[in-house]
$ cat structure_7.txt   # compact mmCIF, C-alpha atoms
# COMPACT_ATOMS: atom_id res chain seq x y z
CA MET A 1 -6.11 -21.16 -30.96
CA GLY A 2 -8.27 -21.39 -27.82
CA ILE A 3 -9.29 -18.30 -25.95
CA PHE A 4 -8.23 -19.87 -22.64
CA ARG A 5 -4.50 -20.13 -22.08
CA ARG A 6 -2.58 -21.75 -19.32
CA GLY A 7 -0.75 -19.47 -16.97
CA PRO A 8 3.04 -19.53 -16.73
CA LYS A 9 4.53 -22.55 -15.03
CA ARG A 10 5.62 -21.84 -11.46
CA ASP A 11 6.94 -24.19 -8.81
CA GLN A 12 4.27 -25.72 -6.60
CA ARG A 13 3.68 -24.30 -3.13
CA ASP A 14 4.83 -27.53 -1.50
CA THR A 15 8.36 -27.14 -2.91
CA PRO A 16 10.97 -25.62 -0.54
CA ARG A 17 10.35 -21.88 -0.18
CA ASP A 18 12.77 -18.99 -0.47
CA PRO A 19 13.75 -17.87 3.09
CA GLU A 20 13.22 -14.16 2.32
CA TYR A 21 10.32 -14.17 -0.15
CA ALA A 22 8.05 -17.12 0.57
CA PHE A 23 6.03 -16.54 -2.62
CA PHE A 24 9.13 -17.81 -4.48
CA SER A 25 10.43 -21.34 -4.31
CA VAL A 26 14.14 -21.68 -3.53
CA ASP A 27 14.89 -22.13 -7.25
CA GLU A 28 12.69 -19.18 -8.24
CA GLY A 29 14.39 -17.00 -5.64
CA ALA A 30 17.79 -17.89 -7.06
CA ARG A 31 16.55 -17.15 -10.58
CA PHE A 32 15.13 -13.80 -9.47
CA ARG A 33 18.39 -12.69 -7.83
CA ALA A 34 20.43 -13.80 -10.84
CA THR A 35 18.12 -11.72 -13.02
CA VAL A 36 18.64 -8.72 -10.74
CA ARG A 37 22.43 -9.06 -10.92
CA GLU A 38 22.34 -9.34 -14.73
CA SER A 39 20.01 -6.35 -15.05
CA PHE A 40 22.30 -4.14 -12.97
CA ALA A 41 25.29 -5.30 -15.05
CA GLU A 42 23.48 -4.47 -18.31
CA LEU A 43 22.94 -0.97 -16.93
CA GLY A 44 26.65 -0.65 -16.15
CA LEU A 45 26.67 -1.36 -12.43
CA GLU A 46 28.22 -4.36 -10.69
CA VAL A 47 26.48 -5.22 -7.45
CA THR A 48 26.72 -7.66 -4.57
CA VAL A 49 23.44 -9.50 -4.15
CA PHE A 50 22.03 -10.35 -0.73
CA ALA A 51 18.74 -11.99 0.20
CA ASP A 52 16.69 -8.79 0.28
CA MET A 53 18.93 -6.12 -1.26
CA VAL A 54 21.97 -5.39 -3.40
CA THR A 55 24.87 -3.02 -2.77
CA ASP A 56 27.24 -1.32 -5.19
CA ASP A 57 30.88 -0.34 -4.76
CA SER A 58 29.96 3.09 -3.39
CA GLY A 59 27.89 1.55 -0.60
CA ARG A 60 24.47 2.39 -2.01
CA ARG A 61 21.76 -0.10 -1.09
CA PHE A 62 18.84 -1.12 -3.27
CA GLY A 63 16.00 -3.05 -1.64
CA LEU A 64 14.50 -5.93 -3.62
CA GLY A 65 11.13 -6.35 -1.91
CA ASN A 66 9.01 -4.34 -4.33
CA LEU A 67 10.69 -5.79 -7.41
CA ALA A 68 10.31 -9.32 -6.06
CA ALA A 69 6.58 -8.80 -5.48
CA LEU A 70 6.25 -7.16 -8.90
CA CYS A 71 7.80 -10.20 -10.58
CA HIS A 72 5.76 -12.64 -8.51
CA ASN A 73 2.47 -10.93 -9.30
CA ASP A 74 3.03 -10.59 -13.04
CA ARG A 75 0.88 -13.32 -14.58
CA ARG A 76 3.22 -13.66 -17.56
CA GLY A 77 5.67 -15.49 -15.33
CA PRO A 78 9.48 -15.69 -15.12
CA ARG A 79 9.99 -15.07 -18.84
CA VAL A 80 9.26 -11.35 -18.27
CA TRP A 81 11.34 -10.96 -15.11
CA PRO A 82 14.37 -9.59 -17.02
CA GLN A 83 12.20 -6.92 -18.65
CA LEU A 84 10.57 -5.97 -15.35
CA ALA A 85 13.94 -5.83 -13.60
CA ARG A 86 15.55 -3.64 -16.30
CA GLU A 87 12.64 -1.19 -16.25
CA HIS A 88 12.46 -1.01 -12.46
CA ILE A 89 16.20 -0.75 -11.87
CA GLY A 90 16.62 1.71 -14.74
CA ALA A 91 14.05 4.07 -13.23
CA VAL A 92 15.71 3.83 -9.81
CA LEU A 93 19.17 4.59 -11.20
CA ARG A 94 17.95 7.51 -13.30
CA THR A 95 16.39 9.03 -10.21
CA LEU A 96 19.54 8.54 -8.11
CA ASP A 97 22.07 9.59 -10.74
CA GLY A 98 20.19 12.60 -12.09
CA PRO A 99 19.95 16.06 -10.53
CA SER A 100 17.65 16.33 -7.54
CA PRO A 101 14.21 17.64 -8.49
CA LEU A 102 14.32 19.67 -5.29
CA GLU A 103 17.11 21.69 -6.92
CA THR A 104 15.73 21.91 -10.46
CA MET A 105 11.96 22.07 -9.99
CA PRO A 106 10.18 25.37 -9.20
CA ALA A 107 8.76 25.54 -5.67
CA GLU A 108 5.16 25.78 -6.86
CA GLU A 109 5.53 22.70 -9.06
CA ILE A 110 6.92 20.83 -6.08
CA ARG A 111 3.83 21.78 -4.09
CA GLU A 112 1.60 20.65 -6.95
CA ARG A 113 3.28 17.23 -6.88
CA LEU A 114 3.25 16.87 -3.08
CA TYR A 115 1.17 14.06 -1.52
CA PRO A 116 0.90 12.34 1.86
CA ARG A 117 2.09 8.75 1.91
CA LEU A 118 1.52 5.93 4.40
CA VAL A 119 4.58 3.90 5.39
CA THR A 120 5.56 1.48 8.13
CA PRO A 121 8.00 2.79 10.76
CA ASP A 122 10.82 0.58 9.49
CA ALA A 123 10.61 2.25 6.06
CA VAL A 124 12.02 5.58 7.29
CA ASP A 125 14.82 6.70 9.58
CA PRO A 126 13.28 8.27 12.71
CA ASP A 127 16.26 10.61 13.02
CA THR A 128 15.66 12.15 9.58
CA PHE A 129 11.85 11.96 9.51
CA ARG A 130 11.09 13.67 12.80
CA TYR A 131 8.07 15.40 11.27
CA ALA A 132 6.41 12.03 10.44
CA ARG A 133 2.87 11.86 11.83
CA ILE A 134 1.45 8.72 13.45
CA ALA A 135 -1.53 7.84 11.24
CA ALA A 136 -2.50 4.64 13.05
CA PRO A 137 -0.86 1.94 15.17
CA GLY A 138 2.11 0.75 13.09
CA LEU A 139 1.63 3.37 10.35
CA LEU A 140 3.26 6.74 9.70
CA GLU A 141 2.24 9.57 7.41
CA VAL A 142 5.05 11.30 5.52
CA LEU A 143 5.21 13.64 2.54
CA ALA A 144 6.33 12.52 -0.90
CA LEU A 145 7.00 14.05 -4.29
CA ASP A 146 5.28 12.38 -7.24
CA LEU A 147 7.76 12.33 -10.14
CA PRO A 148 7.28 10.93 -13.66
CA GLU A 149 9.30 7.76 -12.99
CA SER A 150 9.43 7.53 -9.22
CA VAL A 151 8.14 8.78 -5.90
CA MET A 152 10.57 10.68 -3.67
CA THR A 153 9.84 10.47 0.04
CA LEU A 154 10.92 13.73 1.67
CA ALA A 155 12.98 13.84 4.87
CA ASP A 156 13.18 16.76 7.30
CA GLN A 157 16.02 18.50 5.48
CA ALA A 158 14.19 18.41 2.15
CA LEU A 159 11.17 20.19 3.63
CA VAL A 160 13.07 23.09 5.19
CA PRO A 161 13.31 25.22 2.00
CA LEU A 162 9.67 24.52 1.13
CA GLY A 163 8.06 26.14 4.16
CA ASP A 164 6.05 25.20 7.23
CA THR A 165 5.42 21.45 7.51
CA ARG A 166 1.77 21.92 8.54
CA GLU A 167 1.09 24.10 5.51
CA LEU A 168 2.83 21.59 3.26
CA ARG A 169 0.69 18.78 4.67
CA GLY A 170 -2.43 20.84 4.02
CA ARG A 171 -1.40 21.32 0.40
CA ALA A 172 -0.60 17.60 0.08
CA LEU A 173 -4.07 16.69 1.37
CA LEU A 174 -5.68 19.04 -1.15
CA ASN A 175 -3.71 17.35 -3.92
CA LEU A 176 -4.83 13.97 -2.58
CA ARG A 177 -8.49 15.02 -2.71
CA ASP A 178 -8.06 15.99 -6.37
CA LEU A 179 -6.78 12.59 -7.47
CA PRO A 180 -9.14 10.78 -9.87
CA VAL A 181 -10.76 7.51 -8.81
CA GLU A 182 -9.01 5.02 -11.10
CA ARG A 183 -11.07 1.91 -10.39
CA HIS A 184 -13.90 1.19 -7.98
CA GLU A 185 -15.15 -2.31 -7.26
CA VAL A 186 -17.71 -3.70 -4.84
CA VAL A 187 -16.88 -7.00 -3.15
CA ARG A 188 -20.00 -9.08 -2.48
CA HIS A 189 -19.97 -12.56 -0.97
CA ALA A 190 -22.90 -13.93 1.03
CA ASP A 191 -23.58 -11.23 3.64
CA VAL A 192 -20.21 -9.53 3.10
CA ARG A 193 -20.12 -6.25 1.21
CA PHE A 194 -17.41 -3.62 1.01
CA ASP A 195 -15.93 -1.19 -1.52
CA VAL A 196 -12.41 -1.37 -2.96
CA LEU A 197 -10.46 1.34 -4.76
CA VAL A 198 -7.52 0.22 -6.90
CA GLY A 199 -5.12 2.44 -8.81
CA ASP A 200 -1.64 2.85 -10.24
CA SER A 201 -1.10 5.86 -8.00
CA PHE A 202 1.32 5.31 -5.12
CA PHE A 203 -1.14 7.27 -2.97
CA THR A 204 -4.29 5.20 -3.40
CA ALA A 205 -4.06 3.76 0.12
CA ALA A 206 -3.27 7.20 1.56
CA ARG A 207 -6.73 8.35 0.49
CA VAL A 208 -7.90 6.98 3.83
CA LEU A 209 -6.66 10.36 5.14
CA VAL A 210 -9.51 12.05 3.24
CA LEU A 211 -11.99 9.21 3.59
CA ASP A 212 -15.04 11.33 4.43
CA GLU A 213 -14.88 13.17 1.11
CA LEU A 214 -13.89 10.05 -0.80
CA VAL A 215 -16.78 7.85 0.40
CA GLU A 216 -19.37 10.46 -0.53
CA ARG A 217 -17.72 10.96 -3.91
CA VAL A 218 -17.70 7.22 -4.67
CA THR A 219 -21.00 6.11 -3.15
CA GLY A 220 -23.07 9.29 -3.27
CA LYS A 221 -23.76 9.05 0.47
CA PRO A 222 -21.91 10.75 3.32
CA LEU A 223 -20.54 8.77 6.24
CA THR A 224 -22.52 8.79 9.45
CA SER A 225 -21.00 9.66 12.80
CA ASP A 226 -20.15 5.94 13.19
CA GLY A 227 -17.53 6.20 10.43
CA ALA A 228 -16.26 3.25 8.42
CA LEU A 229 -14.17 0.11 8.41
CA VAL A 230 -11.03 0.52 6.30
CA ALA A 231 -8.12 -1.60 5.12
CA MET A 232 -4.95 -0.56 3.27
CA PRO A 233 -3.20 -3.85 2.36
CA PHE A 234 -0.77 -2.15 -0.03
CA ARG A 235 -0.16 1.25 -1.56
CA HIS A 236 -2.35 0.71 -4.63
CA GLN A 237 -5.49 -0.38 -2.76
CA LEU A 238 -7.98 0.98 -0.24
CA ALA A 239 -11.03 -0.92 1.01
CA PHE A 240 -13.85 0.57 3.05
CA HIS A 241 -17.27 -0.26 4.45
CA ALA A 242 -19.48 2.64 5.54
CA ILE A 243 -20.95 1.69 8.93
CA ARG A 244 -24.71 2.07 8.82
CA ASP A 245 -26.30 -1.12 10.16
CA SER A 246 -25.72 -4.74 11.22
CA ALA A 247 -23.87 -5.44 7.94
CA VAL A 248 -20.81 -4.16 9.78
CA ILE A 249 -20.27 -7.60 11.39
CA PRO A 250 -19.84 -9.70 8.20
CA ALA A 251 -17.97 -6.80 6.60
CA LEU A 252 -15.46 -6.73 9.46
CA ASN A 253 -14.81 -10.45 9.21
CA GLY A 254 -14.57 -10.38 5.42
CA MET A 255 -12.27 -7.38 5.35
CA ALA A 256 -9.95 -8.92 7.95
CA GLY A 257 -9.23 -11.85 5.64
CA PHE A 258 -9.09 -9.58 2.59
CA ALA A 259 -6.49 -7.28 4.17
CA ALA A 260 -4.29 -10.12 5.38
CA ALA A 261 -4.33 -11.91 2.02
CA GLY A 262 -3.78 -8.72 0.00
CA HIS A 263 -0.84 -7.65 2.13
CA GLU A 264 1.07 -10.94 1.92
CA ASP A 265 2.49 -10.80 -1.63
CA ALA A 266 1.91 -7.14 -2.41
CA VAL A 267 4.08 -4.52 -4.08
CA GLY A 268 4.38 -1.72 -1.53
CA PRO A 269 2.78 -3.53 1.43
CA ILE A 270 1.28 -1.27 4.10
CA SER A 271 -0.88 -3.14 6.61
CA PRO A 272 -2.53 -6.58 6.94
CA TYR A 273 -5.12 -5.22 9.41
CA VAL A 274 -8.58 -3.66 9.47
CA TYR A 275 -9.13 -0.30 11.16
CA TRP A 276 -12.10 1.71 12.37
CA TRP A 277 -12.12 5.20 10.86
CA ARG A 278 -14.08 7.80 12.79
CA ASP A 279 -13.56 11.56 12.56
CA GLY A 280 -10.16 11.00 10.97
CA VAL A 281 -8.88 8.71 13.74
CA LEU A 282 -7.85 5.13 12.88
CA THR A 283 -8.26 2.40 15.50
CA GLN A 284 -6.87 -1.06 14.78
CA LEU A 285 -9.46 -3.86 15.01
CA SER A 286 -7.70 -6.98 13.73
CA ARG A 287 -4.34 -8.50 14.54
CA LYS A 288 -2.38 -11.67 13.94
CA ASP A 289 -2.96 -14.54 16.34
CA GLY A 290 -0.47 -17.29 15.53
CA ASP A 291 -1.32 -18.40 12.01
CA GLY A 292 -4.79 -16.85 12.20
CA LEU A 293 -6.50 -13.52 12.81
CA LEU A 294 -8.14 -12.09 15.90
CA ILE A 295 -10.71 -9.28 16.01
CA THR A 296 -10.33 -7.07 19.06
CA VAL A 297 -12.72 -4.17 19.75
CA GLY A 298 -12.60 -1.52 22.44
CA GLU A 299 -15.47 -0.10 24.43
CA GLU A 300 -16.35 2.64 21.93
CA PHE A 301 -16.60 0.30 18.96
CA GLN A 302 -18.43 -2.24 21.10
CA ASP A 303 -21.01 0.44 21.88
CA VAL A 304 -21.50 1.00 18.13
CA LEU A 305 -21.98 -2.72 17.55
CA GLU A 306 -24.50 -3.10 20.37
CA ARG A 307 -26.52 -0.21 19.00
CA LEU A 308 -26.48 -1.39 15.37
CA VAL A 309 -26.69 -5.15 15.74
CA PRO A 310 -30.08 -6.23 17.19
CA ASP A 311 -30.12 -8.99 19.77
CA GLN A 312 -31.78 -12.29 19.01
CA ALA A 313 -35.00 -11.35 20.80
CA GLY A 314 -35.28 -8.17 18.79
CA GLU A 315 -34.87 -10.08 15.55
CA GLU A 316 -37.57 -12.56 16.50
CA ARG A 317 -40.03 -9.77 17.12
$ encode --input "structure_7.txt" --output "structure tokens"
Amino acid sequence: MGIFRRGPKRDQRDTPRDPEYAFFSVDEGARFRATVRESFAELGLEVTVFADMVTDDSGRRFGLGNLAALCHNDRRGPRVWPQLAREHIGAVLRTLDGPSPLETMPAEEIRERLYPRLVTPDAVDPDTFRYARIAAPGLLEVLALDLPESVMTLADQALVPLGDTRELRGRALLNLRDLPVERHEVVRHADVRFDVLVGDSFFTAARVLVLDELVERVTGKPLTSDGALVAMPFRHQLAFHAIRDSAVIPALNGMAGFAAAGHEDAVGPISPYVYWWRDGVLTQLSRKDGDGLLITVGEEFQDVLERLVPDQAGEER
């Protein structure tokens, strides 16, 4: 038997695409939703399947985006979709049908399991997450409870018995700082160089909130006052480039493409953009421009570039 095996057969990208999840073909999308329906039925729940969610008789809604991306990204292919669906749906139902951990878990254990989480505004109800903090353009910071089989995002009402929201956020940030670094890689291509952290933790991307400590821990060098470029394509990944010299230019261009590509098919997508981190403030630098990307910098970042990137005459000397 050869050591190199072919990957699972998937429909070619030029076949008609699923309207909701473009990483599936139309046929693969139909197969995925049929698998979801069967998996719910095996677990004793009949559901109505829509393009991006299912509903049960009691009106509960279950989004399909994360499961769809999970199935798409599993290199074993469609043969394992039933297994992935049963495991994912089973964990969701156990969390919903069981007693609330907020009622059964001691307060101190709740605080030990509390972490900040980055989400897009459409992921939470603004009327029940009034405490949510704006982390960056298009990104919110909320608090979440890390449970053995799931992560429970906490609304306003859930926080009331736990104490002051500012104190809870402080505890969550301390917990975030204590997380182990699961995997650290360095992306190098031509003049492009940046660091990438990858992990199973739902809070890997949220580590941008403690970036100063994290960069020094990973690289052995503290950030300068110029900060860093960062990207959080999805919840299990954080990329950064410490700004020190003219390497910031190729890093910015490379990270813009990296963030956009990583966000497209991801489980738990967060942002397809690159940001400038300085003193804990995130400023968006890239944005979509039709089918492409556009880098837009303000005066402050432009000043950093002009100081770090020598002009042509300076290079010739």
$ atom_distance --input "structure_7.txt" --atom1 "atom CA of A:Val208" --atom2 "atom CA of A:Asp279"
11.4 Å
$ closest_residue --input "structure_7.txt" --among "A:Gln302, A:Thr153, A:Gln237, A:Thr296" --to "A:Ala256" --atoms "all atoms listed in the file"
A:Thr296
$ closest_residue --input "structure_7.txt" --among "A:Glu109, A:Glu103, A:Asp245, A:Asp156" --to "A:Arg307" --atoms "all atoms listed in the file"
A:Asp245
$ residues_around --input "structure_7.txt" --residues "A:Gly199" --least-positions-apart "4" --cutoff "12 Å" --atoms "all atoms listed in the file" --output "PDB file with C-alpha atoms, keeping the file's coordinate frame"
ATOM      1  CA  LEU A 179      -6.780  12.590  -7.470  1.00  0.00           C
ATOM      2  CA  PRO A 180      -9.140  10.780  -9.870  1.00  0.00           C
ATOM      3  CA  VAL A 181     -10.760   7.510  -8.810  1.00  0.00           C
ATOM      4  CA  GLU A 182      -9.010   5.020 -11.100  1.00  0.00           C
ATOM      5  CA  ARG A 183     -11.070   1.910 -10.390  1.00  0.00           C
ATOM      6  CA  HIS A 184     -13.900   1.190  -7.980  1.00  0.00           C
ATOM      7  CA  GLU A 185     -15.150  -2.310  -7.260  1.00  0.00           C
ATOM      8  CA  PHE A 203      -1.140   7.270  -2.970  1.00  0.00           C
ATOM      9  CA  THR A 204      -4.290   5.200  -3.400  1.00  0.00           C
ATOM     10  CA  ALA A 205      -4.060   3.760   0.120  1.00  0.00           C
ATOM     11  CA  ALA A 206      -3.270   7.200   1.560  1.00  0.00           C
ATOM     12  CA  ARG A 207      -6.730   8.350   0.490  1.00  0.00           C
ATOM     13  CA  PHE A 234      -0.770  -2.150  -0.030  1.00  0.00           C
ATOM     14  CA  ARG A 235      -0.160   1.250  -1.560  1.00  0.00           C
ATOM     15  CA  HIS A 236      -2.350   0.710  -4.630  1.00  0.00           C
ATOM     16  CA  GLN A 237      -5.490  -0.380  -2.760  1.00  0.00           C
ATOM     17  CA  LEU A 238      -7.980   0.980  -0.240  1.00  0.00           C
ATOM     18  CA  ALA A 239     -11.030  -0.920   1.010  1.00  0.00           C
TER      19      ALA A 239
END
$ atom_distance --input "structure_7.txt" --atom1 "atom CA of A:Ile134" --atom2 "atom CA of A:Leu176"
18.0 Å
$ residues_around --input "structure_7.txt" --residues "A:Glu42" --least-positions-apart "5" --cutoff "10 Å" --atoms "only C-alpha atoms" --output "ChimeraX atom specification"
/A:36-37,86,90
$ atom_distance --input "structure_7.txt" --atom1 "atom CA of A:Thr95" --atom2 "atom CA of A:Arg111"
18.9 Å
$ residues_near_point --input "structure_7.txt" --point "(-16.8, 1.1, -1.0)" --cutoff "8 Å" --atoms "only C-alpha atoms" --output "ChimeraX atom specification"
/A:184-186,194-197,215,218-219,239-242
$ residues_around --input "structure_7.txt" --residues "stretch 24-32 of chain A" --least-positions-apart "5" --cutoff "10 Å" --atoms "all atoms listed in the file" --output "list in words"
Arg10, Asp11, Gln12, Arg13, Asp14, Thr15, Pro16, Arg17, Asp18, Pro19, Arg37, Glu38, Ala51, Leu64, Leu67, Ala68, Ala69, Cys71, His72, Pro78, Trp81, Pro82 and Ala85 of chain A
$ build_atoms --input "structure_7.txt" --residues "stretch 276-292 of chain A" --atoms "N, CA, C and O atoms" --output "PDB file, in the frame of the given file"
ATOM      1  N   TRP A 276     -10.865   0.931  12.272  1.00  0.00           N
ATOM      2  CA  TRP A 276     -12.100   1.710  12.370  1.00  0.00           C
ATOM      3  C   TRP A 276     -11.746   3.169  12.179  1.00  0.00           C
ATOM      4  O   TRP A 276     -10.949   3.727  12.930  1.00  0.00           O
ATOM      5  N   TRP A 277     -12.324   3.769  11.128  1.00  0.00           N
ATOM      6  CA  TRP A 277     -12.120   5.200  10.860  1.00  0.00           C
ATOM      7  C   TRP A 277     -13.308   5.960  11.432  1.00  0.00           C
ATOM      8  O   TRP A 277     -14.463   5.681  11.084  1.00  0.00           O
ATOM      9  N   ARG A 278     -13.035   6.912  12.302  1.00  0.00           N
ATOM     10  CA  ARG A 278     -14.080   7.800  12.790  1.00  0.00           C
ATOM     11  C   ARG A 278     -13.475   9.163  13.065  1.00  0.00           C
ATOM     12  O   ARG A 278     -12.513   9.280  13.820  1.00  0.00           O
ATOM     13  N   ASP A 279     -14.043  10.185  12.403  1.00  0.00           N
ATOM     14  CA  ASP A 279     -13.560  11.560  12.560  1.00  0.00           C
ATOM     15  C   ASP A 279     -12.064  11.678  12.311  1.00  0.00           C
ATOM     16  O   ASP A 279     -11.357  12.418  12.993  1.00  0.00           O
ATOM     17  N   GLY A 280     -11.568  10.910  11.346  1.00  0.00           N
ATOM     18  CA  GLY A 280     -10.160  11.000  10.970  1.00  0.00           C
ATOM     19  C   GLY A 280      -9.212  10.199  11.829  1.00  0.00           C
ATOM     20  O   GLY A 280      -8.008  10.190  11.567  1.00  0.00           O
ATOM     21  N   VAL A 281      -9.725   9.511  12.849  1.00  0.00           N
ATOM     22  CA  VAL A 281      -8.880   8.710  13.740  1.00  0.00           C
ATOM     23  C   VAL A 281      -9.017   7.235  13.349  1.00  0.00           C
ATOM     24  O   VAL A 281     -10.120   6.732  13.150  1.00  0.00           O
ATOM     25  N   LEU A 282      -7.875   6.539  13.245  1.00  0.00           N
ATOM     26  CA  LEU A 282      -7.850   5.130  12.880  1.00  0.00           C
ATOM     27  C   LEU A 282      -7.546   4.274  14.113  1.00  0.00           C
ATOM     28  O   LEU A 282      -6.537   4.485  14.784  1.00  0.00           O
ATOM     29  N   THR A 283      -8.433   3.323  14.384  1.00  0.00           N
ATOM     30  CA  THR A 283      -8.260   2.400  15.500  1.00  0.00           C
ATOM     31  C   THR A 283      -8.146   0.987  14.960  1.00  0.00           C
ATOM     32  O   THR A 283      -9.015   0.534  14.213  1.00  0.00           O
ATOM     33  N   GLN A 284      -7.089   0.285  15.304  1.00  0.00           N
ATOM     34  CA  GLN A 284      -6.870  -1.060  14.780  1.00  0.00           C
ATOM     35  C   GLN A 284      -7.853  -2.045  15.411  1.00  0.00           C
ATOM     36  O   GLN A 284      -8.049  -2.071  16.621  1.00  0.00           O
ATOM     37  N   LEU A 285      -8.473  -2.887  14.550  1.00  0.00           N
ATOM     38  CA  LEU A 285      -9.460  -3.860  15.010  1.00  0.00           C
ATOM     39  C   LEU A 285      -9.017  -5.303  14.858  1.00  0.00           C
ATOM     40  O   LEU A 285      -9.502  -6.172  15.577  1.00  0.00           O
ATOM     41  N   SER A 286      -8.150  -5.589  13.922  1.00  0.00           N
ATOM     42  CA  SER A 286      -7.700  -6.980  13.730  1.00  0.00           C
ATOM     43  C   SER A 286      -6.200  -7.069  13.983  1.00  0.00           C
ATOM     44  O   SER A 286      -5.473  -6.080  13.887  1.00  0.00           O
ATOM     45  N   ARG A 287      -5.767  -8.261  14.320  1.00  0.00           N
ATOM     46  CA  ARG A 287      -4.340  -8.500  14.540  1.00  0.00           C
ATOM     47  C   ARG A 287      -4.056  -9.977  14.310  1.00  0.00           C
ATOM     48  O   ARG A 287      -4.963 -10.811  14.295  1.00  0.00           O
ATOM     49  N   LYS A 288      -2.780 -10.283  14.144  1.00  0.00           N
ATOM     50  CA  LYS A 288      -2.380 -11.670  13.940  1.00  0.00           C
ATOM     51  C   LYS A 288      -2.457 -12.422  15.268  1.00  0.00           C
ATOM     52  O   LYS A 288      -2.129 -11.892  16.319  1.00  0.00           O
ATOM     53  N   ASP A 289      -2.887 -13.665  15.178  1.00  0.00           N
ATOM     54  CA  ASP A 289      -2.960 -14.540  16.340  1.00  0.00           C
ATOM     55  C   ASP A 289      -2.419 -15.903  15.919  1.00  0.00           C
ATOM     56  O   ASP A 289      -3.167 -16.754  15.445  1.00  0.00           O
ATOM     57  N   GLY A 290      -1.098 -16.080  16.052  1.00  0.00           N
ATOM     58  CA  GLY A 290      -0.470 -17.290  15.530  1.00  0.00           C
ATOM     59  C   GLY A 290      -0.556 -17.281  14.023  1.00  0.00           C
ATOM     60  O   GLY A 290      -0.131 -16.335  13.361  1.00  0.00           O
ATOM     61  N   ASP A 291      -1.138 -18.331  13.458  1.00  0.00           N
ATOM     62  CA  ASP A 291      -1.320 -18.400  12.010  1.00  0.00           C
ATOM     63  C   ASP A 291      -2.664 -17.830  11.575  1.00  0.00           C
ATOM     64  O   ASP A 291      -2.986 -17.828  10.381  1.00  0.00           O
ATOM     65  N   GLY A 292      -3.462 -17.356  12.524  1.00  0.00           N
ATOM     66  CA  GLY A 292      -4.790 -16.850  12.200  1.00  0.00           C
ATOM     67  C   GLY A 292      -4.927 -15.372  12.510  1.00  0.00           C
ATOM     68  O   GLY A 292      -3.945 -14.647  12.706  1.00  0.00           O
TER      69      GLY A 292
END
